[in-house]
>>> print(open('run_22.cif').read())   # mmCIF, C-alpha atoms
data_upload
#
loop_
_atom_site.label_atom_id
_atom_site.label_comp_id
_atom_site.auth_asym_id
_atom_site.auth_seq_id
_atom_site.Cartn_x
_atom_site.Cartn_y
_atom_site.Cartn_z
CA MET A 1 -4.79 -3.85 -18.01
CA SER A 2 -6.82 -7.06 -17.63
CA ASN A 3 -6.40 -8.98 -14.37
CA THR A 4 -7.35 -12.53 -13.36
CA VAL A 5 -6.81 -14.10 -9.94
CA ILE A 6 -6.99 -17.82 -9.17
CA ILE A 7 -6.41 -19.77 -5.95
CA LYS A 8 -3.85 -22.60 -5.92
CA SER A 9 -2.07 -24.69 -3.29
CA LEU A 10 1.58 -23.95 -2.51
CA ASN A 11 2.60 -27.23 -4.16
CA GLU A 12 0.78 -26.19 -7.34
CA ILE A 13 2.40 -22.75 -7.16
CA HIS A 14 5.85 -24.36 -7.04
CA GLU A 15 4.88 -26.43 -10.10
CA MET A 16 3.87 -23.23 -11.85
CA LYS A 17 7.19 -21.65 -10.91
CA GLU A 18 9.00 -24.54 -12.56
CA HIS A 19 6.78 -24.23 -15.64
CA TYR A 20 7.61 -20.50 -16.01
CA HIS A 21 11.30 -20.88 -15.09
CA VAL A 22 12.55 -19.28 -18.33
CA PHE A 23 10.31 -16.24 -17.72
CA LEU A 24 11.11 -15.69 -14.03
CA SER A 25 11.84 -12.19 -12.79
CA GLU A 26 14.37 -11.33 -10.10
CA LYS A 27 11.87 -8.91 -8.55
CA VAL A 28 9.40 -10.68 -6.26
CA PRO A 29 6.94 -8.56 -4.22
CA PRO A 30 6.58 -8.96 -0.42
CA GLY A 31 4.69 -12.17 0.33
CA GLY A 32 5.39 -13.47 -3.17
CA VAL A 33 6.68 -16.88 -4.27
CA PHE A 34 7.62 -15.91 -7.82
CA SER A 35 7.05 -13.37 -10.59
CA ALA A 36 7.24 -14.17 -14.29
CA LYS A 37 6.60 -12.29 -17.51
CA THR A 38 5.60 -14.00 -20.74
CA THR A 39 5.06 -12.25 -24.07
CA ASN A 40 1.48 -11.22 -23.24
CA CYS A 41 1.06 -11.77 -19.52
CA SER A 42 2.69 -11.15 -16.12
CA ILE A 43 2.21 -13.78 -13.43
CA THR A 44 2.71 -13.18 -9.70
CA ALA A 45 2.13 -15.96 -7.18
CA TYR A 46 1.76 -15.33 -3.45
CA LYS A 47 2.25 -17.44 -0.34
CA SER A 48 -1.44 -16.88 0.43
CA GLY A 49 -2.26 -19.12 -2.55
CA LYS A 50 -3.42 -16.33 -4.85
CA VAL A 51 -1.96 -16.20 -8.35
CA LEU A 52 -2.41 -12.93 -10.22
CA PHE A 53 -2.33 -12.82 -14.04
CA GLN A 54 -2.03 -9.35 -15.61
CA GLY A 55 -2.07 -8.32 -19.25
CA ALA A 56 -3.89 -8.96 -22.51
CA GLY A 57 -3.44 -12.72 -22.24
CA SER A 58 -4.25 -12.98 -18.53
CA GLU A 59 -7.57 -14.82 -18.87
CA ALA A 60 -6.24 -17.34 -21.39
CA GLU A 61 -3.07 -17.97 -19.37
CA ALA A 62 -5.00 -18.42 -16.11
CA SER A 63 -7.42 -20.84 -17.77
CA LYS A 64 -4.50 -23.23 -18.44
CA TRP A 65 -4.21 -23.79 -14.70
CA GLY A 66 -7.86 -24.22 -13.77
CA GLY A 67 -8.33 -23.39 -10.11
CA SER A 68 -11.03 -21.33 -8.54
CA PRO A 69 -11.32 -17.69 -9.58
CA GLN A 70 -11.30 -15.49 -6.52
CA ALA A 71 -14.84 -14.75 -5.44
CA PRO A 72 -15.71 -11.08 -4.99
CA ILE A 73 -15.95 -10.03 -1.37
CA LYS A 74 -19.38 -8.80 -0.39
CA ALA A 75 -19.68 -5.68 1.66
CA SER A 76 -20.25 -6.58 5.28
CA ALA A 77 -23.66 -5.97 6.80
CA LYS A 78 -21.97 -3.71 9.34
CA THR A 79 -20.42 -1.54 6.60
CA GLN A 80 -23.70 -1.31 4.69
CA ALA A 81 -25.60 -0.39 7.84
CA LYS A 82 -23.11 2.29 8.88
CA HIS A 83 -22.75 3.76 5.39
CA GLY A 84 -26.22 3.14 4.03
CA ASN A 85 -25.93 5.91 1.43
CA LEU A 86 -23.26 3.98 -0.49
CA PRO A 87 -24.14 1.79 -3.50
CA ALA A 88 -24.44 -1.95 -2.87
CA ASN A 89 -21.19 -3.92 -2.93
CA PHE A 90 -19.30 -0.62 -2.80
CA GLU A 91 -15.95 -2.08 -1.73
CA ASN A 92 -15.78 -4.10 -4.96
CA LEU A 93 -16.49 -1.20 -7.33
CA SER A 94 -13.99 0.83 -9.36
CA VAL A 95 -13.56 3.89 -7.14
CA LEU A 96 -11.64 7.15 -7.15
CA GLY A 97 -10.79 7.98 -3.53
CA SER A 98 -9.09 10.93 -1.84
CA ASP A 99 -7.48 11.54 1.52
CA GLU A 100 -5.06 13.97 3.14
CA VAL A 101 -2.36 14.08 5.80
CA GLY A 102 -0.56 16.86 7.63
CA THR A 103 -3.51 19.03 8.64
CA GLY A 104 -2.91 18.40 12.34
CA ASP A 105 0.89 18.54 12.17
CA PHE A 106 2.72 21.71 13.21
CA PHE A 107 5.66 20.92 10.93
CA GLY A 108 5.32 19.75 7.35
CA PRO A 109 2.94 20.39 4.45
CA ILE A 110 -0.67 19.42 3.89
CA THR A 111 -0.57 16.59 1.37
CA VAL A 112 -3.64 15.42 -0.55
CA VAL A 113 -3.81 12.39 -2.84
CA ALA A 114 -6.59 11.13 -5.09
CA ALA A 115 -6.13 7.55 -6.32
CA TYR A 116 -8.16 5.43 -8.75
CA VAL A 117 -8.52 1.74 -8.00
CA ARG A 118 -10.30 -0.40 -10.59
CA LYS A 119 -12.15 -3.43 -9.30
CA GLU A 120 -9.72 -5.59 -11.28
CA ASP A 121 -6.80 -4.19 -9.25
CA ILE A 122 -8.33 -4.81 -5.81
CA PRO A 123 -6.85 -8.35 -5.41
CA LEU A 124 -3.36 -7.07 -6.27
CA LEU A 125 -3.58 -4.16 -3.82
CA LYS A 126 -4.71 -6.51 -1.08
CA GLU A 127 -1.74 -8.76 -1.77
CA LEU A 128 0.59 -5.75 -1.61
CA GLY A 129 -0.75 -4.99 1.86
CA VAL A 130 -2.91 -1.93 1.15
CA LYS A 131 -5.11 -1.20 4.16
CA ASP A 132 -5.81 1.55 6.67
CA SER A 133 -2.51 3.48 6.78
CA LYS A 134 -2.96 4.20 10.49
CA SER A 135 -2.19 0.53 11.15
CA LEU A 136 1.09 0.70 9.18
CA ASN A 137 4.46 2.02 10.34
CA ASP A 138 6.54 4.39 8.20
CA GLU A 139 8.75 1.61 6.87
CA LYS A 140 5.75 -0.39 5.64
CA ILE A 141 4.13 2.74 4.20
CA CYS A 142 7.23 3.41 2.08
CA GLU A 143 7.48 -0.22 0.95
CA ILE A 144 3.84 -0.40 -0.19
CA ALA A 145 3.76 3.10 -1.72
CA LYS A 146 6.75 2.39 -3.98
CA GLN A 147 4.84 -0.56 -5.45
CA ILE A 148 1.33 0.85 -5.80
CA LYS A 149 2.42 4.12 -7.39
CA GLU A 150 3.43 2.06 -10.43
CA VAL A 151 0.04 0.32 -10.54
CA ILE A 152 -2.70 2.93 -10.05
CA PRO A 153 -3.38 6.39 -11.51
CA TYR A 154 -3.12 9.09 -8.83
CA SER A 155 -2.55 12.78 -8.23
CA LEU A 156 -0.47 14.12 -5.34
CA LEU A 157 -0.64 17.73 -4.18
CA SER A 158 1.52 19.18 -1.39
CA LEU A 159 0.85 22.63 0.02
CA HIS A 160 4.08 23.76 1.66
CA ASN A 161 3.91 25.90 4.76
CA GLU A 162 5.08 29.18 3.22
CA LYS A 163 2.06 29.12 0.87
CA TYR A 164 -0.23 27.68 3.57
CA ASN A 165 0.66 30.55 5.94
CA GLN A 166 -0.01 33.10 3.20
CA LEU A 167 -3.46 31.62 2.51
CA GLN A 168 -4.26 31.37 6.22
CA ARG A 169 -3.27 35.00 6.82
CA SER A 170 -5.49 36.07 3.91
CA GLY A 171 -8.49 34.64 5.79
CA MET A 172 -8.81 31.24 4.12
CA SER A 173 -9.78 28.48 6.54
CA GLN A 174 -8.01 25.14 6.64
CA GLY A 175 -11.31 23.49 5.62
CA LYS A 176 -11.47 25.55 2.44
CA ILE A 177 -7.81 24.85 1.67
CA LYS A 178 -8.45 21.10 2.01
CA ALA A 179 -11.58 21.23 -0.16
CA LEU A 180 -9.70 23.05 -2.93
CA LEU A 181 -6.87 20.50 -2.83
CA HIS A 182 -9.22 17.49 -2.86
CA ASN A 183 -11.23 18.90 -5.76
CA GLN A 184 -8.07 19.62 -7.75
CA ALA A 185 -6.56 16.18 -7.12
CA LEU A 186 -9.80 14.42 -8.09
CA LYS A 187 -10.00 16.52 -11.26
CA HIS A 188 -6.41 15.60 -12.21
CA VAL A 189 -7.12 11.86 -11.92
CA LEU A 190 -10.40 12.11 -13.84
CA ASN A 191 -8.46 13.79 -16.65
CA LYS A 192 -5.80 11.05 -16.52
CA ILE A 193 -8.27 8.18 -16.85
CA ALA A 194 -10.69 9.84 -19.31
CA PRO A 195 -12.77 8.69 -21.15
CA GLN A 196 -12.99 5.99 -18.46
CA LYS A 197 -15.12 6.98 -15.45
CA PRO A 198 -15.10 5.56 -11.92
CA ASP A 199 -18.22 3.83 -10.60
CA ALA A 200 -18.03 6.22 -7.65
CA ILE A 201 -15.86 8.84 -5.95
CA LEU A 202 -15.24 8.61 -2.20
CA ILE A 203 -13.80 11.48 -0.16
CA ASP A 204 -12.56 10.89 3.37
CA GLN A 205 -14.94 13.29 5.07
CA PHE A 206 -13.53 16.33 6.87
CA ALA A 207 -16.65 18.52 6.40
CA GLN A 208 -20.35 18.00 5.78
CA GLU A 209 -21.23 17.69 2.09
CA GLY A 210 -22.96 21.08 1.94
CA VAL A 211 -20.05 22.80 3.68
CA TYR A 212 -17.56 21.11 1.35
CA TYR A 213 -19.32 22.36 -1.79
CA ASN A 214 -19.77 25.79 -0.23
CA TYR A 215 -15.98 25.99 0.12
CA LEU A 216 -15.70 25.36 -3.63
CA LYS A 217 -18.08 28.10 -4.76
CA GLY A 218 -16.57 30.08 -7.61
CA GLU A 219 -14.26 27.28 -8.78
CA PRO A 220 -14.32 26.80 -12.59
CA PHE A 221 -14.83 23.03 -12.26
CA ILE A 222 -16.25 21.17 -9.27
CA VAL A 223 -16.23 17.36 -9.15
CA ARG A 224 -19.81 16.38 -8.23
CA GLU A 225 -20.84 13.28 -10.20
CA ASN A 226 -21.22 10.12 -8.08
CA VAL A 227 -19.38 11.70 -5.14
CA TYR A 228 -19.79 10.21 -1.66
CA PHE A 229 -18.43 11.34 1.69
CA SER A 230 -17.60 9.17 4.68
CA THR A 231 -15.48 9.30 7.79
CA LYS A 232 -12.99 6.43 8.16
CA ALA A 233 -13.21 5.95 4.39
CA GLU A 234 -9.91 4.04 4.37
CA GLY A 235 -11.81 1.09 5.78
CA ILE A 236 -14.57 1.30 3.17
CA HIS A 237 -12.63 1.14 -0.08
CA LEU A 238 -9.00 0.45 -0.99
CA ALA A 239 -8.95 3.58 -3.20
CA VAL A 240 -8.96 5.79 -0.10
CA ALA A 241 -6.54 3.47 1.71
CA ALA A 242 -4.16 3.67 -1.27
CA ALA A 243 -4.53 7.47 -1.43
CA SER A 244 -3.72 7.69 2.28
CA ILE A 245 -0.62 5.51 1.90
CA LEU A 246 0.68 7.58 -1.03
CA ALA A 247 -0.02 10.82 0.88
CA ARG A 248 1.81 9.55 3.96
CA TYR A 249 4.74 8.36 1.84
CA ALA A 250 5.13 11.87 0.39
CA PHE A 251 4.69 13.36 3.87
CA ILE A 252 7.47 11.14 5.27
CA GLN A 253 9.78 12.24 2.46
CA HIS A 254 8.99 15.90 3.17
CA PHE A 255 9.88 15.39 6.84
CA GLU A 256 13.21 13.87 5.89
CA LYS A 257 13.97 16.96 3.79
CA LEU A 258 12.86 19.31 6.60
CA SER A 259 15.04 17.43 9.09
CA GLU A 260 18.02 17.72 6.75
CA LYS A 261 17.37 21.42 6.36
CA ALA A 262 16.98 21.93 10.12
CA GLY A 263 20.02 19.83 11.00
CA PHE A 264 18.09 17.56 13.38
CA THR A 265 15.12 15.20 13.30
CA ILE A 266 11.82 17.04 13.03
CA PRO A 267 8.97 15.36 14.96
CA LYS A 268 5.44 14.86 13.66
CA GLY A 269 2.23 15.89 15.41
CA ALA A 270 1.45 18.93 17.54
CA GLY A 271 2.47 17.82 21.03
CA PRO A 272 5.12 19.19 23.42
CA GLN A 273 7.91 17.56 21.41
CA VAL A 274 7.27 19.91 18.47
CA ASP A 275 7.40 22.94 20.77
CA VAL A 276 10.91 21.89 21.81
CA ALA A 277 11.89 21.27 18.18
CA ALA A 278 10.57 24.66 17.06
CA ALA A 279 12.43 26.43 19.89
CA ARG A 280 15.60 24.62 18.86
CA LEU A 281 15.03 25.64 15.23
CA ILE A 282 14.52 29.31 16.16
CA LYS A 283 17.66 29.29 18.27
CA ALA A 284 19.73 27.70 15.50
CA LYS A 285 18.32 29.39 12.39
CA GLY A 286 16.42 32.46 13.57
CA LYS A 287 12.66 33.07 13.78
CA GLU A 288 12.51 34.21 10.13
CA VAL A 289 12.82 30.57 8.97
CA LEU A 290 9.67 29.44 10.84
CA PRO A 291 7.19 30.09 7.97
CA GLN A 292 9.06 27.55 5.82
CA PHE A 293 8.74 24.83 8.47
CA VAL A 294 5.53 25.30 10.48
CA LYS A 295 1.88 26.33 10.41
CA LEU A 296 2.25 29.63 12.22
CA HIS A 297 -1.32 29.91 13.54
CA PHE A 298 -0.94 26.76 15.65
CA ALA A 299 -0.58 27.40 19.39
CA ASN A 300 2.78 25.62 19.19
CA THR A 301 4.37 28.80 17.79
CA GLU A 302 3.70 30.76 20.97
CA LYS A 303 4.75 27.79 23.12
CA ALA A 304 8.07 27.57 21.28
CA PHE A 305 8.83 31.23 21.95
CA LYS A 306 7.93 30.78 25.63
CA LEU A 307 10.41 27.92 25.86
CA LEU A 308 13.14 30.21 24.51
CA LYS A 309 12.43 32.72 27.27
#
>>> encode(input="run_22.cif", output="structure tokens")
Amino acid sequence: MSNTVIIKSLNEIHEMKEHYHVFLSEKVPPGGVFSAKTTNCSITAYKSGKVLFQGAGSEAEASKWGGSPQAPIKASAKTQAKHGNLPANFENLSVLGSDEVGTGDFFGPITVVAAYVRKEDIPLLKELGVKDSKSLNDEKICEIAKQIKEVIPYSLLSLHNEKYNQLQRSGMSQGKIKALLHNQALKHVLNKIAPQKPDAILIDQFAQEGVYYNYLKGEPFIVRENVYFSTKAEGIHLAVAAASILARYAFIQHFEKLSEKAGFTIPKGAGPQVDVAAARLIKAKGKEVLPQFVKLHFANTEKAFKLLK
């Protein structure tokens, strides 16, 4: 889908709203002034002054209104210095990014998402509030995720604890499990967007590059072309930020289901509060249900049993 973004004053945006009054949509995104859909173009105007045109006729429709096209944002000197191995202007490229949640949580699954963000979609994602998910509360995560999952190609993989515990008992490390999930999610998205290819692939780094590929030895297909690794990758490109938001959204939903199954609210993390919750779960449901809920090799398992004593 072709996208064009122009900058207009709020007065001009209200004039545009009047112009498109017969095409107005009832659905207006957060921060939006209006949404409209013509025969060959969708128009969304935001309070920030940005007006997004999407569709085959986006460029022609935007040209009717003049205005300044949004200038691409250059990568900051700080970002380039810290991540010098990345291509120039990386944050404005079309990137496939991957991230995971749940690896440090006693309850809940490991969830990995790979998401593809084309450079044309970056302005829209910014308007929808996509940024580092750690700065967003659960309510905002859910709100943004519901919108972006309709916009960008992605793959979501959740490894539930029964399977995780089996793999862990067989001798597979958590690092290897994560590498396998990332590789699979990236492969799924590459297949979805083929023959199109991303300018780059960015993985939120949880292992050194050599270690990561060592984990994948023996896999029939390993994603290697134009792959980059970086810590805090959510702040480098919106593809990883979007992947993180979608992963957290799925994770939140899983916790709601676990809480319903347990009969009380299951806490996140691996602190003392989860020890209490696990002890309560064992008392209510029996220790045989634990593998469905928790990562058994965490120290929290032993702590929960001590609390029961």
>>> resolve_selection(input="run_22.cif", expression="the PyMOL selection byres ((chain A and resi 98-115) around 7)", output="tab-separated table (two decimals) with C-alpha atoms, in the frame of the given file")
chain	number	residue	atom	x	y	z
A	96	LEU	CA	-11.64	7.15	-7.15
A	97	GLY	CA	-10.79	7.98	-3.53
A	116	TYR	CA	-8.16	5.43	-8.75
A	117	VAL	CA	-8.52	1.74	-8.00
A	152	ILE	CA	-2.70	2.93	-10.05
A	153	PRO	CA	-3.38	6.39	-11.51
A	154	TYR	CA	-3.12	9.09	-8.83
A	155	SER	CA	-2.55	12.78	-8.23
A	156	LEU	CA	-0.47	14.12	-5.34
A	157	LEU	CA	-0.64	17.73	-4.18
A	158	SER	CA	1.52	19.18	-1.39
A	159	LEU	CA	0.85	22.63	0.02
A	160	HIS	CA	4.08	23.76	1.66
A	161	ASN	CA	3.91	25.90	4.76
A	181	LEU	CA	-6.87	20.50	-2.83
A	182	HIS	CA	-9.22	17.49	-2.86
A	185	ALA	CA	-6.56	16.18	-7.12
A	186	LEU	CA	-9.80	14.42	-8.09
A	189	VAL	CA	-7.12	11.86	-11.92
A	202	LEU	CA	-15.24	8.61	-2.20
A	203	ILE	CA	-13.80	11.48	-0.16
A	204	ASP	CA	-12.56	10.89	3.37
A	239	ALA	CA	-8.95	3.58	-3.20
A	240	VAL	CA	-8.96	5.79	-0.10
A	242	ALA	CA	-4.16	3.67	-1.27
A	243	ALA	CA	-4.53	7.47	-1.43
A	244	SER	CA	-3.72	7.69	2.28
A	246	LEU	CA	0.68	7.58	-1.03
A	247	ALA	CA	-0.02	10.82	0.88
A	248	ARG	CA	1.81	9.55	3.96
A	251	PHE	CA	4.69	13.36	3.87
A	254	HIS	CA	8.99	15.90	3.17
A	255	PHE	CA	9.88	15.39	6.84
A	268	LYS	CA	5.44	14.86	13.66
A	269	GLY	CA	2.23	15.89	15.41
A	270	ALA	CA	1.45	18.93	17.54
A	293	PHE	CA	8.74	24.83	8.47
A	294	VAL	CA	5.53	25.30	10.48
A	295	LYS	CA	1.88	26.33	10.41
A	298	PHE	CA	-0.94	26.76	15.65
>>> resolve_selection(input="run_22.cif", expression="the PyMOL selection byres ((chain A and resi 44) around 10)", output="list in words")
Val5, Ile13, Lys17, Leu24, Ser25, Val28, Pro29, Gly32, Val33, Phe34, Ser35, Ala36, Lys37, Ser42, Ile43, Ala45, Tyr46, Lys50, Val51, Leu52, Phe53, Gln54 and Leu124 of chain A
>>> closest_residue(input="run_22.cif", among="A:Glu219, A:Ala179, A:Leu125, A:Pro272", to="Glu150 (chain A)", atoms="all atoms listed in the file")
A:Leu125
>>> resolve_selection(input="run_22.cif", expression="the PyMOL selection byres ((chain A and resi 128) around 8)", output="ChimeraX atom specification")
/A:29-31,124-127,129-130,144,147-148
>>> write_last_selection(input="run_22.cif", atoms="C-alpha atoms", output="PDB file, in the coordinates of the input")
ATOM      1  CA  PRO A  29       6.940  -8.560  -4.220  1.00  0.00           C
ATOM      2  CA  PRO A  30       6.580  -8.960  -0.420  1.00  0.00           C
ATOM      3  CA  GLY A  31       4.690 -12.170   0.330  1.00  0.00           C
ATOM      4  CA  LEU A 124      -3.360  -7.070  -6.270  1.00  0.00           C
ATOM      5  CA  LEU A 125      -3.580  -4.160  -3.820  1.00  0.00           C
ATOM      6  CA  LYS A 126      -4.710  -6.510  -1.080  1.00  0.00           C
ATOM      7  CA  GLU A 127      -1.740  -8.760  -1.770  1.00  0.00           C
ATOM      8  CA  GLY A 129      -0.750  -4.990   1.860  1.00  0.00           C
ATOM      9  CA  VAL A 130      -2.910  -1.930   1.150  1.00  0.00           C
ATOM     10  CA  ILE A 144       3.840  -0.400  -0.190  1.00  0.00           C
ATOM     11  CA  GLN A 147       4.840  -0.560  -5.450  1.00  0.00           C
ATOM     12  CA  ILE A 148       1.330   0.850  -5.800  1.00  0.00           C
TER      13      ILE A 148
END
>>> axis_aligned_box(input="run_22.cif", around="region 204-211 of chain A", padding_each_side="4 Å", output="JSON")
{"center_x": -17.8, "center_y": 16.8, "center_z": 4.4, "size_x": 18.4, "size_y": 19.9, "size_z": 12.9}
